[in-house]
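Next comes coords_25.cif, with mmCIF, C-alpha atoms.
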```
data_query
#
loop_
_atom_site.label_atom_id
_atom_site.label_comp_id
_atom_site.auth_asym_id
_atom_site.auth_seq_id
_atom_site.Cartn_x
_atom_site.Cartn_y
_atom_site.Cartn_z
CA MET A 103 -32.37 4.21 -29.43
CA ARG A 104 -29.19 6.24 -29.83
CA ILE A 105 -26.72 6.19 -26.94
CA GLY A 106 -23.61 8.29 -26.41
CA LEU A 107 -20.57 6.30 -25.27
CA ARG A 108 -17.67 8.18 -23.66
CA TYR A 109 -14.56 8.02 -25.79
CA GLY A 110 -11.50 10.22 -25.27
CA ILE A 111 -12.63 13.78 -24.73
CA GLY A 112 -15.94 13.26 -26.50
CA GLU A 113 -18.68 10.75 -27.19
CA LEU A 114 -19.51 8.20 -29.86
CA GLY A 115 -23.14 7.78 -30.91
CA VAL A 116 -24.37 4.20 -31.30
CA ASP A 117 -27.84 2.93 -32.22
CA VAL A 118 -28.98 0.06 -29.98
CA PRO A 119 -32.13 -2.02 -30.39
CA ASP A 120 -35.09 -2.34 -28.08
CA GLY A 121 -34.66 -4.81 -25.23
CA ARG A 122 -31.34 -3.35 -24.12
CA ARG A 123 -30.49 -2.48 -20.53
CA VAL A 124 -28.60 0.77 -20.07
CA PHE A 125 -26.60 1.09 -16.85
CA THR A 126 -26.51 4.80 -16.02
CA ALA A 127 -25.55 6.49 -12.77
CA ARG A 128 -28.11 8.87 -11.26
CA PHE A 129 -26.51 11.52 -9.10
CA PRO A 130 -28.37 14.45 -7.54
CA ARG A 131 -27.91 17.89 -9.03
CA PRO A 132 -25.26 20.09 -7.36
CA ARG A 133 -26.95 22.26 -4.77
CA SER A 134 -24.12 24.79 -4.75
CA SER A 135 -20.67 25.51 -6.17
CA ALA A 136 -17.76 23.16 -5.50
CA ASP A 137 -15.93 25.60 -3.23
CA THR A 138 -19.08 26.28 -1.20
CA LEU A 139 -19.80 22.58 -0.69
CA VAL A 140 -16.20 21.86 0.27
CA MET A 141 -15.92 24.73 2.74
CA GLU A 142 -19.25 23.82 4.34
CA ALA A 143 -17.96 20.28 4.90
CA LEU A 144 -14.60 21.47 6.26
CA ARG A 145 -16.25 23.90 8.69
CA ALA A 146 -18.86 21.44 9.97
CA PRO A 147 -17.79 17.81 9.36
CA GLY A 148 -20.12 14.97 10.19
CA HIS A 149 -17.56 13.32 12.47
CA GLY A 150 -14.08 14.40 13.51
CA ALA A 151 -12.15 17.65 13.46
CA SER A 152 -13.08 20.68 11.39
CA LEU A 153 -10.44 22.55 9.41
CA ALA A 154 -10.11 25.13 12.18
CA GLU A 155 -9.78 22.43 14.85
CA ALA A 156 -7.21 20.54 12.79
CA VAL A 157 -5.11 23.70 12.40
CA ALA A 158 -5.40 24.44 16.12
CA ARG A 159 -4.04 20.96 16.90
CA ARG A 160 -1.30 21.22 14.31
CA ARG A 161 2.09 19.78 15.18
CA VAL A 162 5.38 21.35 14.16
CA GLY A 163 5.83 20.84 10.44
CA GLU A 164 4.27 21.48 7.03
CA VAL A 165 0.61 21.40 6.15
CA VAL A 166 0.51 18.62 3.54
CA ILE A 167 -2.58 18.37 1.35
CA VAL A 168 -2.68 15.06 -0.54
CA VAL A 169 -4.38 15.13 -3.94
CA SER A 170 -4.99 12.53 -6.63
CA ASP A 171 -3.16 12.38 -9.96
CA ILE A 172 -4.55 12.96 -13.44
CA THR A 173 -6.27 9.54 -13.55
CA ARG A 174 -8.91 10.82 -11.13
CA PRO A 175 -11.00 13.64 -12.66
CA MET A 176 -11.22 15.71 -9.47
CA PRO A 177 -12.07 19.42 -10.00
CA TYR A 178 -9.35 20.68 -7.66
CA ALA A 179 -9.05 24.02 -9.43
CA ALA A 180 -12.64 24.78 -8.44
CA PHE A 181 -12.12 24.49 -4.68
CA LEU A 182 -8.46 24.17 -3.68
CA PRO A 183 -7.85 27.95 -3.79
CA ALA A 184 -10.63 28.38 -1.23
CA VAL A 185 -9.05 25.75 1.04
CA ILE A 186 -5.67 27.50 0.81
CA ASP A 187 -7.32 30.86 1.59
CA ALA A 188 -9.00 29.33 4.65
CA LEU A 189 -5.69 27.92 5.88
CA CYS A 190 -4.08 31.34 5.53
CA GLN A 191 -6.93 32.95 7.46
CA LEU A 192 -6.27 30.44 10.23
CA GLY A 193 -2.64 31.54 10.47
CA VAL A 194 -0.87 29.12 8.13
CA HIS A 195 1.74 30.72 5.86
CA LEU A 196 1.76 29.87 2.16
CA GLU A 197 5.34 28.61 2.32
CA GLU A 198 4.22 26.04 4.89
CA ILE A 199 1.63 24.47 2.55
CA VAL A 200 2.59 21.56 0.29
CA VAL A 201 0.29 19.90 -2.24
CA LEU A 202 1.45 16.29 -2.53
CA ILE A 203 0.24 14.31 -5.55
CA ALA A 204 -0.45 10.70 -4.60
CA THR A 205 0.79 9.01 -7.76
CA GLY A 206 1.03 5.51 -6.31
CA PHE A 207 2.71 3.49 -9.03
CA HIS A 208 1.63 5.81 -11.83
CA ARG A 209 4.04 7.98 -13.79
CA PRO A 210 4.80 11.54 -12.60
CA THR A 211 2.34 14.23 -13.62
CA THR A 212 3.42 16.66 -16.31
CA ASN A 213 3.40 20.43 -15.85
CA ASP A 214 0.40 20.70 -18.17
CA GLU A 215 -1.45 18.06 -16.14
CA LYS A 216 -0.70 19.90 -12.91
CA ARG A 217 -2.05 23.09 -14.45
CA HIS A 218 -5.15 21.29 -15.69
CA MET A 219 -5.76 19.55 -12.36
CA LEU A 220 -4.98 22.29 -9.87
CA GLY A 221 -5.14 25.55 -11.78
CA GLN A 222 -2.39 28.10 -12.24
CA GLU A 223 -3.37 29.96 -9.05
CA VAL A 224 -2.48 26.98 -6.86
CA LEU A 225 0.79 26.39 -8.74
CA ASP A 226 1.75 30.03 -8.24
CA ARG A 227 0.98 30.09 -4.52
CA VAL A 228 2.18 26.82 -2.97
CA GLU A 229 4.68 24.03 -3.55
CA VAL A 230 3.31 21.11 -5.60
CA VAL A 231 5.27 17.83 -5.67
CA ASP A 232 4.76 14.29 -6.95
CA HIS A 233 5.19 11.25 -4.75
CA ASP A 234 7.77 8.88 -6.23
CA ALA A 235 7.36 5.31 -5.03
CA SER A 236 10.77 4.34 -6.38
CA ASP A 237 12.76 7.12 -4.65
CA ASP A 238 14.15 5.74 -1.39
CA GLY A 239 15.01 9.26 -0.29
CA GLN A 240 11.31 10.14 -0.22
CA LEU A 241 10.36 7.18 1.96
CA VAL A 242 10.50 6.32 5.63
CA GLU A 243 9.73 2.94 7.21
CA LEU A 244 6.92 2.98 9.75
CA PRO A 245 6.74 1.10 13.04
CA GLY A 246 4.17 -1.66 13.05
CA CYS A 247 2.73 -3.84 10.32
CA THR A 248 -0.24 -3.88 7.99
CA TRP A 249 -3.34 -6.05 8.22
CA SER A 250 -1.52 -8.73 6.21
CA GLY A 251 1.66 -8.48 8.30
CA GLU A 252 3.74 -6.40 5.88
CA ARG A 253 6.12 -3.58 6.79
CA VAL A 254 5.38 -0.19 5.22
CA ARG A 255 7.46 2.60 3.74
CA LEU A 256 5.54 5.82 3.24
CA ASN A 257 6.20 9.28 1.85
CA ARG A 258 8.45 11.10 4.32
CA ARG A 259 6.89 14.55 3.92
CA PHE A 260 3.46 13.13 4.69
CA VAL A 261 4.74 11.25 7.74
CA ASP A 262 6.63 14.30 9.06
CA ALA A 263 3.82 16.78 8.36
CA GLY A 264 2.46 18.97 11.10
CA LEU A 265 -1.01 18.57 9.60
CA ARG A 266 -1.97 15.72 7.27
CA MET A 267 -4.96 16.38 5.05
CA ILE A 268 -6.08 13.95 2.37
CA THR A 269 -8.57 14.44 -0.42
CA GLY A 270 -10.23 11.74 -2.48
CA LEU A 271 -12.71 11.24 -5.30
CA VAL A 272 -15.02 8.37 -4.36
CA GLU A 273 -16.12 6.19 -7.28
CA PRO A 274 -16.61 2.45 -7.85
CA HIS A 275 -13.20 0.78 -8.10
CA PHE A 276 -12.66 -2.51 -9.90
CA MET A 277 -10.33 -3.94 -7.23
CA ALA A 278 -10.79 -2.02 -3.99
CA GLY A 279 -14.57 -1.64 -4.03
CA PHE A 280 -14.45 2.15 -4.06
CA SER A 281 -11.73 4.70 -4.70
CA GLY A 282 -10.85 7.59 -2.41
CA GLY A 283 -10.29 7.61 1.33
CA ARG A 284 -7.54 5.25 2.43
CA LYS A 285 -6.34 4.75 -1.17
CA SER A 286 -4.80 8.21 -1.13
CA ILE A 287 -2.28 6.74 1.31
CA CYS A 288 -2.11 3.13 0.14
CA PRO A 289 -1.14 2.82 -2.64
CA GLY A 290 -1.00 6.57 -3.25
CA LEU A 291 1.94 7.42 -0.97
CA CYS A 292 3.58 4.04 -0.46
CA GLY A 293 6.93 2.64 -1.60
CA LEU A 294 7.21 0.05 -4.35
CA ASP A 295 7.40 -2.89 -1.98
CA THR A 296 4.15 -1.96 -0.25
CA VAL A 297 2.35 -1.32 -3.54
CA ARG A 298 3.46 -4.70 -4.84
CA SER A 299 2.12 -6.44 -1.75
CA PHE A 300 -1.14 -4.49 -1.96
CA HIS A 301 -1.62 -5.61 -5.56
CA GLY A 302 -0.20 -9.10 -5.11
CA PHE A 303 -1.71 -12.43 -6.19
CA PRO A 304 -3.39 -13.42 -2.89
CA PHE A 305 -5.34 -10.15 -2.68
CA LEU A 306 -6.49 -10.07 -6.29
CA GLU A 307 -7.40 -13.76 -6.36
CA ASP A 308 -9.97 -13.05 -3.63
CA ARG A 309 -13.35 -12.64 -5.35
CA ARG A 310 -14.26 -9.96 -2.79
CA ALA A 311 -11.71 -7.70 -4.51
CA ARG A 312 -14.40 -6.31 -6.77
CA PRO A 313 -16.35 -3.14 -7.58
CA GLY A 314 -18.81 -1.97 -4.97
CA GLN A 315 -17.59 -4.27 -2.17
CA LEU A 316 -15.72 -3.16 0.95
CA CYS A 317 -16.72 -5.82 3.47
CA GLY A 318 -14.07 -8.55 3.43
CA ASN A 319 -12.22 -6.93 0.53
CA PRO A 320 -8.52 -7.53 1.30
CA LEU A 321 -7.40 -4.42 -0.58
CA HIS A 322 -9.70 -2.27 1.54
CA ASP A 323 -8.57 -3.94 4.77
CA GLU A 324 -4.91 -3.57 3.86
CA ALA A 325 -5.21 0.08 2.83
CA MET A 326 -7.12 0.98 5.98
CA SER A 327 -4.46 -0.67 8.12
CA VAL A 328 -1.75 1.39 6.42
CA ALA A 329 -3.74 4.58 6.94
CA ARG A 330 -4.02 3.83 10.67
CA LEU A 331 -0.24 3.65 11.00
CA VAL A 332 0.02 7.38 10.23
CA PRO A 333 -3.32 8.90 11.26
CA VAL A 334 -4.86 11.55 9.04
CA ASP A 335 -5.74 14.85 10.72
CA LEU A 336 -8.43 15.78 8.22
CA SER A 337 -10.11 13.92 5.36
CA LEU A 338 -12.08 15.49 2.52
CA GLN A 339 -13.97 13.03 0.30
CA LEU A 340 -15.88 14.18 -2.75
CA VAL A 341 -18.55 12.70 -4.99
CA CYS A 342 -18.85 14.04 -8.54
CA ASP A 343 -21.59 13.52 -11.10
CA LEU A 344 -20.99 12.36 -14.65
CA GLN A 345 -20.25 15.93 -15.73
CA GLY A 346 -17.48 16.20 -13.13
CA ARG A 347 -19.43 18.54 -10.85
CA VAL A 348 -19.15 18.15 -7.08
CA VAL A 349 -22.47 16.86 -5.71
CA GLY A 350 -21.30 15.69 -2.29
CA ALA A 351 -18.53 16.74 0.09
CA PHE A 352 -17.77 14.86 3.31
CA ALA A 353 -15.06 15.90 5.75
CA GLY A 354 -13.62 15.02 9.15
CA GLU A 355 -12.38 11.63 10.27
CA LEU A 356 -11.06 9.39 7.49
CA GLY A 357 -13.27 6.34 7.96
CA HIS A 358 -16.51 8.20 8.52
CA SER A 359 -16.02 10.68 5.68
CA HIS A 360 -15.20 7.90 3.24
CA GLU A 361 -18.13 5.77 4.35
CA ALA A 362 -20.52 8.69 3.91
CA ALA A 363 -19.25 9.31 0.39
CA VAL A 364 -19.42 5.58 -0.42
CA GLU A 365 -23.07 5.43 0.58
CA MET A 366 -23.87 8.27 -1.80
CA VAL A 367 -21.99 6.61 -4.66
CA ARG A 368 -23.45 3.21 -3.89
CA GLY A 369 -26.95 4.59 -4.27
CA ALA A 370 -26.17 6.46 -7.47
CA ALA A 371 -23.67 4.36 -9.43
CA CYS A 372 -23.85 0.74 -8.20
CA ILE A 373 -26.77 -0.88 -10.00
CA PRO A 374 -28.03 -4.30 -8.79
CA VAL A 375 -28.09 -6.83 -11.59
CA GLU A 376 -30.44 -9.78 -11.25
CA ASP A 377 -29.83 -11.17 -14.70
CA VAL A 378 -26.93 -11.56 -17.11
CA TYR A 379 -26.68 -10.66 -20.78
CA PRO A 380 -25.15 -12.45 -23.76
CA VAL A 381 -23.68 -9.20 -25.10
CA VAL A 382 -22.31 -6.21 -23.18
CA LEU A 383 -21.17 -2.94 -24.77
CA THR A 384 -19.00 -0.75 -22.56
CA SER A 385 -17.06 2.46 -22.74
CA SER A 386 -13.82 2.76 -20.78
CA GLY A 387 -14.98 6.01 -19.20
CA GLY A 388 -13.47 8.56 -21.57
CA TYR A 389 -10.48 10.78 -20.80
CA PRO A 390 -8.54 10.55 -18.52
CA LEU A 391 -9.59 7.00 -17.74
CA ASP A 392 -9.20 5.69 -21.28
CA ALA A 393 -5.88 7.43 -22.03
CA THR A 394 -4.04 4.08 -21.88
CA PHE A 395 -5.01 0.46 -22.44
CA TYR A 396 -3.85 -0.13 -18.85
CA GLN A 397 -6.67 2.09 -17.60
CA CYS A 398 -9.16 0.70 -20.14
CA VAL A 399 -8.97 -2.69 -18.44
CA LYS A 400 -11.17 -1.21 -15.70
CA GLY A 401 -14.01 -0.85 -18.19
CA PHE A 402 -14.20 -4.46 -19.35
CA VAL A 403 -13.55 -5.87 -15.87
CA SER A 404 -16.15 -3.71 -14.09
CA CYS A 405 -18.96 -4.85 -16.41
CA LEU A 406 -18.34 -8.58 -15.81
CA PRO A 407 -21.22 -9.13 -13.36
CA ALA A 408 -23.64 -8.26 -16.18
CA VAL A 409 -22.29 -10.66 -18.83
CA GLU A 410 -23.05 -14.34 -18.99
CA ARG A 411 -20.21 -16.83 -18.90
CA GLY A 412 -18.97 -17.29 -22.44
CA GLY A 413 -20.79 -14.14 -23.50
CA THR A 414 -19.46 -11.24 -25.55
CA VAL A 415 -17.93 -7.99 -24.31
CA ILE A 416 -17.40 -5.08 -26.70
CA ALA A 417 -15.18 -2.44 -25.12
CA LEU A 418 -13.77 0.77 -26.54
CA GLY A 419 -11.13 3.25 -25.45
CA ALA A 420 -9.17 6.04 -27.11
CA CYS A 421 -5.73 5.00 -25.76
CA SER A 422 -4.33 8.41 -26.69
CA GLU A 423 -1.20 7.58 -24.66
CA GLY A 424 -0.87 4.04 -25.98
CA VAL A 425 -0.69 0.82 -23.99
CA GLY A 426 0.80 2.03 -20.72
CA SER A 427 4.15 1.69 -18.98
CA ALA A 428 7.01 -0.24 -20.59
CA SER A 429 6.87 -2.89 -17.86
CA TYR A 430 3.13 -3.37 -18.31
CA ARG A 431 3.46 -3.66 -22.07
CA ALA A 432 6.28 -6.17 -21.78
CA LEU A 433 4.44 -8.33 -19.26
CA LEU A 434 1.16 -8.28 -21.17
CA THR A 435 2.77 -9.14 -24.50
CA SER A 436 4.83 -11.92 -22.91
CA PHE A 437 1.56 -13.75 -22.20
CA ALA A 438 0.12 -13.20 -25.67
CA GLY A 439 -1.34 -16.47 -26.87
CA ARG A 440 -1.04 -18.07 -23.43
CA TRP A 441 -2.92 -15.77 -21.06
CA TRP A 442 -4.39 -18.76 -19.20
CA THR A 443 -0.94 -19.54 -17.79
CA PHE A 444 -0.71 -16.18 -16.02
CA PRO A 445 -2.43 -17.19 -12.73
CA GLU A 446 -0.03 -20.09 -12.15
CA TRP A 447 2.94 -17.86 -13.00
CA ALA A 448 1.75 -15.16 -10.61
CA ARG A 449 0.99 -17.66 -7.84
CA ASP A 450 4.44 -19.22 -8.00
CA ARG A 451 6.46 -15.99 -8.12
CA ARG A 452 8.13 -14.74 -4.97
CA GLY A 453 8.14 -11.12 -6.12
CA VAL A 454 5.67 -8.96 -7.99
CA VAL A 455 6.39 -7.41 -11.37
CA VAL A 456 5.35 -3.79 -11.84
CA ASP A 457 1.75 -3.56 -13.13
CA GLN A 458 1.09 -7.30 -13.02
CA TRP A 459 -2.09 -6.53 -11.07
CA GLU A 460 -3.68 -5.05 -14.19
CA VAL A 461 -2.88 -8.21 -16.13
CA HIS A 462 -4.40 -10.23 -13.28
CA MET A 463 -7.70 -8.36 -13.57
CA HIS A 464 -7.60 -8.59 -17.36
CA VAL A 465 -7.27 -12.36 -17.06
CA ARG A 466 -10.34 -12.36 -14.83
CA ALA A 467 -12.31 -11.07 -17.82
CA LEU A 468 -10.67 -13.54 -20.19
CA ALA A 469 -11.49 -16.44 -17.89
CA LYS A 470 -15.17 -15.56 -18.06
CA VAL A 471 -15.71 -14.77 -21.74
CA GLY A 472 -12.55 -15.91 -23.56
CA GLN A 473 -10.24 -13.86 -25.76
CA GLU A 474 -12.33 -14.46 -28.88
CA ASN A 475 -15.30 -12.82 -27.15
CA LEU A 476 -13.42 -9.91 -25.57
CA HIS A 477 -13.47 -7.26 -28.29
CA PHE A 478 -11.58 -3.97 -27.93
CA ILE A 479 -11.90 -1.08 -30.38
CA THR A 480 -9.47 1.83 -30.49
CA ASP A 481 -7.86 4.34 -32.81
CA GLY A 482 -4.91 4.82 -30.46
CA ILE A 483 -3.02 1.52 -30.88
CA ASP A 484 -1.96 0.00 -34.18
CA ALA A 485 -3.11 -3.45 -35.24
CA ASP A 486 0.21 -5.21 -34.71
CA GLU A 487 0.54 -4.07 -31.11
CA LEU A 488 -3.14 -4.60 -30.36
CA ALA A 489 -2.79 -8.21 -31.51
CA GLN A 490 -0.37 -8.80 -28.60
CA LEU A 491 -2.74 -7.57 -25.86
CA SER A 492 -4.92 -10.66 -25.29
CA VAL A 493 -8.08 -9.16 -26.77
CA THR A 494 -9.81 -9.50 -30.08
CA GLY A 495 -8.55 -6.17 -31.24
CA HIS A 496 -10.01 -3.73 -33.74
CA SER A 497 -7.59 -0.96 -34.63
CA VAL A 498 -9.44 1.62 -36.71
CA HIS A 499 -8.87 5.07 -38.17
CA SER A 500 -10.07 7.95 -36.00
CA GLY A 501 -12.39 9.14 -38.72
CA VAL A 502 -14.43 5.93 -38.71
CA ILE A 503 -14.38 4.93 -35.04
CA GLU A 504 -18.11 5.54 -34.57
CA GLN A 505 -19.03 3.53 -37.67
CA SER A 506 -16.68 0.75 -36.59
CA VAL A 507 -18.31 0.41 -33.18
CA GLN A 508 -21.75 0.38 -34.76
CA GLY A 509 -20.71 -2.17 -37.37
CA LEU A 510 -19.18 -4.54 -34.83
CA LEU A 511 -22.23 -4.32 -32.59
CA ASP A 512 -24.55 -5.04 -35.50
CA VAL A 513 -22.49 -8.10 -36.49
CA LEU A 514 -22.14 -9.57 -32.99
CA LEU A 515 -25.65 -8.87 -31.70
CA GLU A 516 -28.04 -11.43 -33.10
CA PRO A 517 -31.65 -10.42 -33.81
CA GLY A 518 -33.67 -10.40 -30.59
CA GLN A 519 -30.60 -10.95 -28.41
CA ARG A 520 -30.49 -9.04 -25.11
CA LEU A 521 -27.86 -6.35 -24.65
CA ALA A 522 -26.46 -4.42 -21.68
CA VAL A 523 -24.82 -1.04 -22.29
CA PHE A 524 -22.43 0.90 -20.03
CA PRO A 525 -22.13 4.38 -21.61
CA VAL A 526 -19.68 5.68 -18.99
CA GLY A 527 -17.82 2.42 -18.36
CA PRO A 528 -16.55 1.86 -14.81
CA TYR A 529 -18.13 5.06 -13.48
CA CYS A 530 -21.35 3.03 -13.19
CA VAL A 531 -21.04 -0.65 -12.26
CA PRO A 532 -23.33 -3.65 -11.90
CA VAL A 533 -23.28 -5.35 -8.53
CA VAL A 534 -24.38 -8.92 -8.01
CA CYS A 535 -27.34 -9.76 -5.84
CA ASP A 536 -26.06 -13.27 -5.15
CA PRO A 537 -22.25 -13.74 -5.25
CA GLN A 538 -22.62 -17.52 -4.94
CA ALA A 539 -24.71 -17.54 -8.10
CA GLU A 540 -21.97 -15.62 -9.85
CA GLU A 541 -19.36 -18.19 -8.83
CA SER A 542 -21.52 -20.95 -10.28
CA GLY A 543 -21.83 -19.07 -13.56
CA LYS A 544 -25.56 -18.33 -13.26
CA GLU A 545 -24.92 -14.65 -12.71
CA GLY A 546 -22.12 -12.35 -13.74
#
```

Starting from the file, give its structure as structure tokens.
Amino acid sequence: MRIGLRYGIGELGVDVPDGRRVFTARFPRPRSSADTLVMEALRAPGHGASLAEAVARRRVGEVVIVVSDITRPMPYAAFLPAVIDALCQLGVHLEEIVVLIATGFHRPTTNDEKRHMLGQEVLDRVEVVDHDASDDGQLVELPGCTWSGERVRLNRRFVDAGLRMITGLVEPHFMAGFSGGRKSICPGLCGLDTVRSFHGFPFLEDRRARPGQLCGNPLHDEAMSVARLVPVDLSLQLVCDLQGRVVGAFAGELGHSHEAAVEMVRGAACIPVEDVYPVVLTSSGGYPLDATFYQCVKGFVSCLPAVERGGTVIALGACSEGVGSASYRALLTSFAGRWWTFPEWARDRRGVVVDQWEVHMHVRALAKVGQENLHFITDGIDADELAQLSVTGHSVHSGVIEQSVQGLLDVLLEPGQRLAVFPVGPYCVPVVCDPQAEESGKEG
């Protein structure tokens, strides 16, 4: 059987034997265009204020629409113009509307990325700005504390807004259970100190910080507590299929809209796994999710429930932008050859180093299968650098990437051995039926 694995902006074809299990999300077909679905949800939300009601209750100040950055493939250009038109029809002036990109700890978006994400029409009509977690001038400290007892600094324009509207793409998330909803605010609009706490050792060491789980997940609880400190006036949560088309739009109150979207995603992209496999082949999701090695970690962490302890993971990602941030690269390479010492180092530190949370999740994969069994194939990182990233690396020429994946699979998969395949990486995740069995090593 030939399977297409997402890689960069395209796919790689790989032949897999009989007896394989393919984990594929099954979303419904779009019943209408993205702008129609979004406007229907905003006019008649399931719970909470409609767009018209939110505008009628508007305080003095800007209308701030929070959007995700380039790492979330949200088709904003297909519906955001209609939202802006609706706001204008309700009496809001264009100069009062601000689109705020919730970058969290990610780098700023480029002009080309803004154009790709939002469309030129939006850029021409309203102000579009990036949140900068390191800019003290953008932040204001909030009264009260988070679920874990931390103080919070949040984006000032969001806090001071006359109407706060957030948007989110809801997908499985390898730490927080699901993306979207409260994550637009925390970590999306937080200062560095809050982001560091949110991604700190105690939270990530909790085994409930995993794909598909919200109940008891400390990242979810913390993010929700931050969101409650500055209530959202209107939430718009979207579900997209594997082609990036909007198949579900849920609006109104933050918690209810997110929960409704989560239920749709849970049914379509969270696949119960009752067995584990000696070999797992996974994509990293394709562009934009595999643009850096940092993002590719999500692919080989999300598939862990499906691989047996000591089994083999074969992951691939284009890494067209390289490893990731300078701080991430430095931290990851500093633990080359001694990755097993990272948990003790992280536990004993008083502060949190930028991007150490991604290393933490990477080590979760290493602890289960070992570096020798964690294979990563790419044409975007050279062999010398790949050798410092705590994987068994395969740096190949772009012209032979497909053959290289096939060759490695053929070598590592013994005759008759069972195989699990994740063609779209972390966009479809296995969820355990018995977490206690996973802890004992019987199930992934």

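Take the candidates A:Lys400, A:Ser250, A:Val341, A:Lys285 and check each one against Arg312 (chain A) using all atoms listed in the file; the shortest distance goes to A:Lys400.
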
Next item on the list: Run the PyMOL selection byres ((chain A and resi 322) around 9) on the file and write out the hits as a ChimeraX atom specification.
Entry: /A:277-280,284-285,311,315-321,323-327

For C-alpha atoms, I'd like the residues from the last selection saved as a PDB file, in the coordinates of the input.
```pdb
ATOM      1  CA  MET A 277     -10.330  -3.940  -7.230  1.00  0.00           C
ATOM      2  CA  ALA A 278     -10.790  -2.020  -3.990  1.00  0.00           C
ATOM      3  CA  GLY A 279     -14.570  -1.640  -4.030  1.00  0.00           C
ATOM      4  CA  PHE A 280     -14.450   2.150  -4.060  1.00  0.00           C
ATOM      5  CA  ARG A 284      -7.540   5.250   2.430  1.00  0.00           C
ATOM      6  CA  LYS A 285      -6.340   4.750  -1.170  1.00  0.00           C
ATOM      7  CA  ALA A 311     -11.710  -7.700  -4.510  1.00  0.00           C
ATOM      8  CA  GLN A 315     -17.590  -4.270  -2.170  1.00  0.00           C
ATOM      9  CA  LEU A 316     -15.720  -3.160   0.950  1.00  0.00           C
ATOM     10  CA  CYS A 317     -16.720  -5.820   3.470  1.00  0.00           C
ATOM     11  CA  GLY A 318     -14.070  -8.550   3.430  1.00  0.00           C
ATOM     12  CA  ASN A 319     -12.220  -6.930   0.530  1.00  0.00           C
ATOM     13  CA  PRO A 320      -8.520  -7.530   1.300  1.00  0.00           C
ATOM     14  CA  LEU A 321      -7.400  -4.420  -0.580  1.00  0.00           C
ATOM     15  CA  ASP A 323      -8.570  -3.940   4.770  1.00  0.00           C
ATOM     16  CA  GLU A 324      -4.910  -3.570   3.860  1.00  0.00           C
ATOM     17  CA  ALA A 325      -5.210   0.080   2.830  1.00  0.00           C
ATOM     18  CA  MET A 326      -7.120   0.980   5.980  1.00  0.00           C
ATOM     19  CA  SER A 327      -4.460  -0.670   8.120  1.00  0.00           C
TER      20      SER A 327
END
```

Item checked: All residues 12 Å or closer to Gly290 (chain A), only C-alpha atoms, same chain fewer than 6 positions away omitted, as a PyMOL selection string -> chain A and resi 168-171+173-174+202-209+232-235+255-257+260+268-270+281-284+296-297+300+325+328-329

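On the file presented, the PyMOL selection byres ((chain A and resi 242) around 12) picks out Ala235, Asp237, Asp238, Gly239, Gln240, Leu241, Glu243, Leu244, Pro245, Arg253, Val254, Arg255, Leu256, Asn257, Arg258, Arg259, Phe260, Val261, Asp262, Leu291, Cys292, Gly293, Thr296 and Val332 of chain A.
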
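Atom pair CA of Gly246 (chain A) / CA of Val455 (chain A) has a distance of 25.2 Å (rounded to one decimal).
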
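Coordinates place CA of Cys530 (chain A) at a distance of 8.6 Å from CA of Ser404 (chain A).
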
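In this model, the gap between CA of Ser386 (chain A) and CA of Ala408 (chain A) comes to 15.5 Å.
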
Polymer residues at most 9 Å from Met366 (chain A), all atoms listed in the file, same-chain spacing of 4 or more positions, as a PDB file with C-alpha atoms, in the coordinates of the input:
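Listed below is the output, selection-v1.pdb:
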```
ATOM      1  CA  PHE A 129     -26.510  11.520  -9.100  1.00  0.00           C
ATOM      2  CA  VAL A 341     -18.550  12.700  -4.990  1.00  0.00           C
ATOM      3  CA  GLY A 350     -21.300  15.690  -2.290  1.00  0.00           C
ATOM      4  CA  GLU A 361     -18.130   5.770   4.350  1.00  0.00           C
ATOM      5  CA  ALA A 362     -20.520   8.690   3.910  1.00  0.00           C
ATOM      6  CA  ALA A 370     -26.170   6.460  -7.470  1.00  0.00           C
ATOM      7  CA  ALA A 371     -23.670   4.360  -9.430  1.00  0.00           C
TER       8      ALA A 371
END
```

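In terms of minimum interatomic distance to Val364 (chain A), A:Cys342 ranks closest within A:Val166, A:Leu107, A:Cys342, A:Ile416, counting all atoms listed in the file.
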
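Counting all atoms listed in the file and comparing A:Asp486, A:Ser134, A:Leu383, A:Val461, the residue that lies closest to Leu514 (chain A) is A:Leu383.
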